[in-house]
Each structure stands twice: as structure tokens, then as C-alpha cells.
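Below is final.tsv, holding TSV, N, CA and C atoms.
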chain	number	residue	atom	x	y	z
U	1	MET	N	136.04	6.51	23.97
U	1	MET	CA	135.12	6.44	22.84
U	1	MET	C	133.91	5.61	23.26
U	2	ASN	N	132.79	6.05	22.81
U	2	ASN	CA	131.54	5.39	23.15
U	2	ASN	C	131.22	4.26	22.17
U	3	VAL	N	130.60	3.23	22.69
U	3	VAL	CA	130.14	2.14	21.83
U	3	VAL	C	128.94	2.61	21.01
U	4	ASP	N	128.24	3.61	21.53
U	4	ASP	CA	127.08	4.15	20.81
U	4	ASP	C	127.47	4.68	19.44
U	5	LEU	N	128.66	5.27	19.33
U	5	LEU	CA	129.11	5.79	18.05
U	5	LEU	C	129.24	4.66	17.03
U	6	ILE	N	129.76	3.54	17.45
U	6	ILE	CA	129.92	2.39	16.55
U	6	ILE	C	128.55	1.89	16.10
U	7	PHE	N	127.61	1.82	17.03
U	7	PHE	CA	126.27	1.37	16.67
U	7	PHE	C	125.58	2.36	15.72
U	8	LYS	N	125.79	3.66	15.94
U	8	LYS	CA	125.20	4.66	15.05
U	8	LYS	C	125.76	4.53	13.64
U	9	ILE	N	127.06	4.36	13.53
U	9	ILE	CA	127.69	4.21	12.22
U	9	ILE	C	127.20	2.94	11.53
U	10	ALA	N	127.08	1.86	12.30
U	10	ALA	CA	126.58	0.61	11.73
U	10	ALA	C	125.13	0.75	11.25
U	11	ALA	N	124.31	1.44	12.04
U	11	ALA	CA	122.91	1.64	11.65
U	11	ALA	C	122.82	2.48	10.38
U	12	ILE	N	123.63	3.51	10.29
U	12	ILE	CA	123.64	4.33	9.08
U	12	ILE	C	124.06	3.49	7.89
U	13	GLY	N	125.07	2.65	8.08
U	13	GLY	CA	125.54	1.79	6.99
U	13	GLY	C	124.47	0.83	6.50
U	14	ILE	N	123.75	0.21	7.44
U	14	ILE	CA	122.68	-0.72	7.06
U	14	ILE	C	121.56	0.01	6.33
U	15	LEU	N	121.16	1.16	6.86
U	15	LEU	CA	120.09	1.94	6.24
U	15	LEU	C	120.47	2.40	4.83
U	16	VAL	N	121.69	2.86	4.67
U	16	VAL	CA	122.14	3.33	3.36
U	16	VAL	C	122.22	2.17	2.38
U	17	THR	N	122.65	1.02	2.84
U	17	THR	CA	122.72	-0.15	1.95
U	17	THR	C	121.35	-0.52	1.43
U	18	VAL	N	120.37	-0.54	2.32
U	18	VAL	CA	119.00	-0.88	1.90
U	18	VAL	C	118.46	0.17	0.93
U	19	LEU	N	118.63	1.46	1.28
U	19	LEU	CA	118.15	2.52	0.39
U	19	LEU	C	118.85	2.47	-0.97
U	20	ASN	N	120.14	2.21	-0.94
U	20	ASN	CA	120.90	2.15	-2.18
U	20	ASN	C	120.38	1.03	-3.08
U	21	GLN	N	120.14	-0.15	-2.52
U	21	GLN	CA	119.64	-1.27	-3.31
U	21	GLN	C	118.25	-0.98	-3.88
U	22	VAL	N	117.39	-0.37	-3.08
U	22	VAL	CA	116.04	-0.03	-3.54
U	22	VAL	C	116.12	0.97	-4.70
U	23	LEU	N	116.95	1.99	-4.54
U	23	LEU	CA	117.04	3.01	-5.59
U	23	LEU	C	117.69	2.46	-6.86
U	24	VAL	N	118.68	1.60	-6.73
U	24	VAL	CA	119.32	1.02	-7.92
U	24	VAL	C	118.34	0.15	-8.68
U	25	ARG	N	117.57	-0.65	-7.95
U	25	ARG	CA	116.59	-1.52	-8.61
U	25	ARG	C	115.45	-0.73	-9.24
U	26	ALA	N	115.20	0.47	-8.73
U	26	ALA	CA	114.17	1.33	-9.30
U	26	ALA	C	114.71	2.14	-10.48
U	27	GLY	N	116.00	2.01	-10.77
U	27	GLY	CA	116.58	2.70	-11.90
U	27	GLY	C	117.00	4.13	-11.58
U	28	ARG	N	117.15	4.45	-10.34
U	28	ARG	CA	117.55	5.80	-9.93
U	28	ARG	C	118.98	5.77	-9.38
U	29	ASP	N	119.90	5.52	-10.29
U	29	ASP	CA	121.30	5.36	-9.89
U	29	ASP	C	121.90	6.64	-9.33
U	30	GLU	N	121.54	7.78	-9.91
U	30	GLU	CA	122.09	9.06	-9.44
U	30	GLU	C	121.67	9.34	-8.00
U	31	GLN	N	120.42	9.06	-7.70
U	31	GLN	CA	119.94	9.30	-6.35
U	31	GLN	C	120.56	8.32	-5.36
U	32	ALA	N	120.81	7.10	-5.81
U	32	ALA	CA	121.48	6.12	-4.95
U	32	ALA	C	122.89	6.59	-4.62
U	33	THR	N	123.56	7.15	-5.60
U	33	THR	CA	124.91	7.68	-5.37
U	33	THR	C	124.87	8.85	-4.41
U	34	MET	N	123.88	9.72	-4.56
U	34	MET	CA	123.76	10.88	-3.65
U	34	MET	C	123.47	10.43	-2.22
U	35	VAL	N	122.65	9.41	-2.05
U	35	VAL	CA	122.37	8.89	-0.71
U	35	VAL	C	123.66	8.35	-0.08
U	36	THR	N	124.44	7.64	-0.86
U	36	THR	CA	125.69	7.09	-0.36
U	36	THR	C	126.67	8.19	0.02
U	37	LEU	N	126.79	9.20	-0.83
U	37	LEU	CA	127.70	10.31	-0.53
U	37	LEU	C	127.25	11.10	0.69
U	38	THR	N	125.95	11.30	0.82
U	38	THR	CA	125.43	12.02	1.98
U	38	THR	C	125.71	11.25	3.26
U	39	ALA	N	125.52	9.96	3.24
U	39	ALA	CA	125.80	9.15	4.42
U	39	ALA	C	127.28	9.18	4.75
U	40	LEU	N	128.12	9.16	3.74
U	40	LEU	CA	129.56	9.23	3.97
U	40	LEU	C	129.93	10.54	4.65
U	41	VAL	N	129.35	11.63	4.20
U	41	VAL	CA	129.63	12.94	4.81
U	41	VAL	C	129.15	12.97	6.26
U	42	VAL	N	127.97	12.42	6.53
U	42	VAL	CA	127.44	12.41	7.89
U	42	VAL	C	128.35	11.60	8.81
U	43	VAL	N	128.78	10.44	8.36
U	43	VAL	CA	129.65	9.59	9.19
U	43	VAL	C	131.00	10.27	9.40
U	44	LEU	N	131.54	10.90	8.35
U	44	LEU	CA	132.81	11.59	8.50
U	44	LEU	C	132.70	12.74	9.49
U	45	MET	N	131.57	13.45	9.48
U	45	MET	CA	131.37	14.54	10.44
U	45	MET	C	131.33	13.99	11.87
U	46	MET	N	130.71	12.85	12.06
U	46	MET	CA	130.67	12.23	13.38
U	46	MET	C	132.07	11.84	13.85
U	47	VAL	N	132.84	11.27	12.95
U	47	VAL	CA	134.19	10.83	13.30
U	47	VAL	C	135.11	12.03	13.55
U	48	VAL	N	134.97	13.06	12.74
U	48	VAL	CA	135.81	14.26	12.92
U	48	VAL	C	135.51	14.91	14.26
U	49	ARG	N	134.25	14.92	14.66
U	49	ARG	CA	133.89	15.48	15.96
U	49	ARG	C	134.58	14.70	17.09
U	50	GLU	N	134.60	13.39	16.98
U	50	GLU	CA	135.27	12.57	18.00
U	50	GLU	C	136.77	12.80	18.00
U	51	ILE	N	137.37	12.95	16.83
U	51	ILE	CA	138.80	13.21	16.75
U	51	ILE	C	139.13	14.58	17.34
U	52	ALA	N	138.27	15.56	17.11
U	52	ALA	CA	138.48	16.89	17.69
U	52	ALA	C	138.43	16.81	19.22
U	53	GLU	N	137.50	16.04	19.74
U	53	GLU	CA	137.44	15.85	21.19
U	53	GLU	C	138.71	15.18	21.72
U	54	LEU	N	139.23	14.22	20.97
U	54	LEU	CA	140.47	13.55	21.37
U	54	LEU	C	141.63	14.53	21.41
U	55	PHE	N	141.76	15.37	20.39
U	55	PHE	CA	142.83	16.36	20.36
U	55	PHE	C	142.69	17.37	21.50
U	56	THR	N	141.46	17.76	21.81
U	56	THR	CA	141.24	18.67	22.93
U	56	THR	C	141.65	18.02	24.25
U	57	LEU	N	141.33	16.75	24.40
U	57	LEU	CA	141.73	16.02	25.61
U	57	LEU	C	143.24	15.92	25.73
U	58	VAL	N	143.91	15.59	24.64
U	58	VAL	CA	145.37	15.47	24.64
U	58	VAL	C	146.00	16.83	24.93
U	59	LYS	N	145.44	17.87	24.34
U	59	LYS	CA	145.96	19.22	24.54
U	59	LYS	C	145.84	19.64	26.02
U	60	SER	N	144.69	19.36	26.61
U	60	SER	CA	144.52	19.72	28.02
U	60	SER	C	145.34	18.81	28.94
U	61	LEU	N	145.56	17.59	28.53
U	61	LEU	CA	146.33	16.66	29.33
U	61	LEU	C	147.79	17.11	29.44
U	62	PHE	N	148.35	17.56	28.34
U	62	PHE	CA	149.75	17.98	28.32
U	62	PHE	C	149.91	19.48	28.58
U	63	GLY	N	148.80	20.19	28.76
U	63	GLY	CA	148.86	21.61	29.07
U	63	GLY	C	149.39	22.47	27.95
U	64	LEU	N	149.04	22.12	26.72
U	64	LEU	CA	149.52	22.89	25.56
U	64	LEU	C	148.58	24.00	25.20
Take the structure I supplied and represent it as C-alpha cells, if you would.
Amino acid sequence: MNVDLIFKIAAIGILVTVLNQVLVRAGRDEQATMVTLTALVVVLMMVVREIAELFTLVKSLFGL
């Protein structure tokens, strides 16, 4: 696993936190929620891709 993935997830988290606070203070709670959900989906897609690579590696390692 790459350390870059951890930094990317952390950067997304910081960016979403700032955007969420700005939108909440501006009274746009629905948009703040959508930003949070979108970021969650993006991070989950990144993690699922890494898990798929892990399963492919394990599969090729054991010759399944």
C-alpha cells in the first residue's frame, strides 16, 4: 500500500471539512451534506480499488 493514498484521503478530509464549515455557516446545510456524501463516495472508491488490487494479488499468489 502506498503512503500517497493515505495523504490523498487526508487531503480530501481536510478540504471537505473546510467546505462543510463554510457551507453550514452560509446556511446551505443541504449542499454541505452533499459535499460530505460525495467525498465519502470518492474515498470509498479509492479504497475499493486498493482492496481489489489486494484480492488480485492474493489470487495470483495462490494460483486461484
Within 8 Å of Thr17 of chain U using all atoms listed in the file, minus same-chain residues under 5 positions, as a short mmCIF file (atom, residue, chain, number, x, y, z; two decimals) with N, CA and C atoms, keeping the file's coordinate frame:
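Done, and the output landed in selection-v6.cif:
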data_model
loop_
_atom_site.label_atom_id
_atom_site.label_comp_id
_atom_site.auth_asym_id
_atom_site.auth_seq_id
_atom_site.Cartn_x
_atom_site.Cartn_y
_atom_site.Cartn_z
N ALA U 11 124.31 1.44 12.04
CA ALA U 11 122.91 1.64 11.65
C ALA U 11 122.82 2.48 10.38
N ILE U 12 123.63 3.51 10.29
CA ILE U 12 123.64 4.33 9.08
C ILE U 12 124.06 3.49 7.89
N VAL U 22 117.39 -0.37 -3.08
CA VAL U 22 116.04 -0.03 -3.54
C VAL U 22 116.12 0.97 -4.70
N LEU U 23 116.95 1.99 -4.54
CA LEU U 23 117.04 3.01 -5.59
C LEU U 23 117.69 2.46 -6.86
N VAL U 35 122.65 9.41 -2.05
CA VAL U 35 122.37 8.89 -0.71
C VAL U 35 123.66 8.35 -0.08
N THR U 36 124.44 7.64 -0.86
CA THR U 36 125.69 7.09 -0.36
C THR U 36 126.67 8.19 0.02
#
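As for atom CA of Met45 of chain U and atom CA of Gly13 of chain U, they are spaced 14.4 Å apart.
Our summary of the geometry notes that atom C of Lys8 of chain U is positioned 11.2 Å from atom N of Leu40 of chain U.
Here atom N of Val3 of chain U is placed at a distance of 20.1 Å from atom N of Val16 of chain U.
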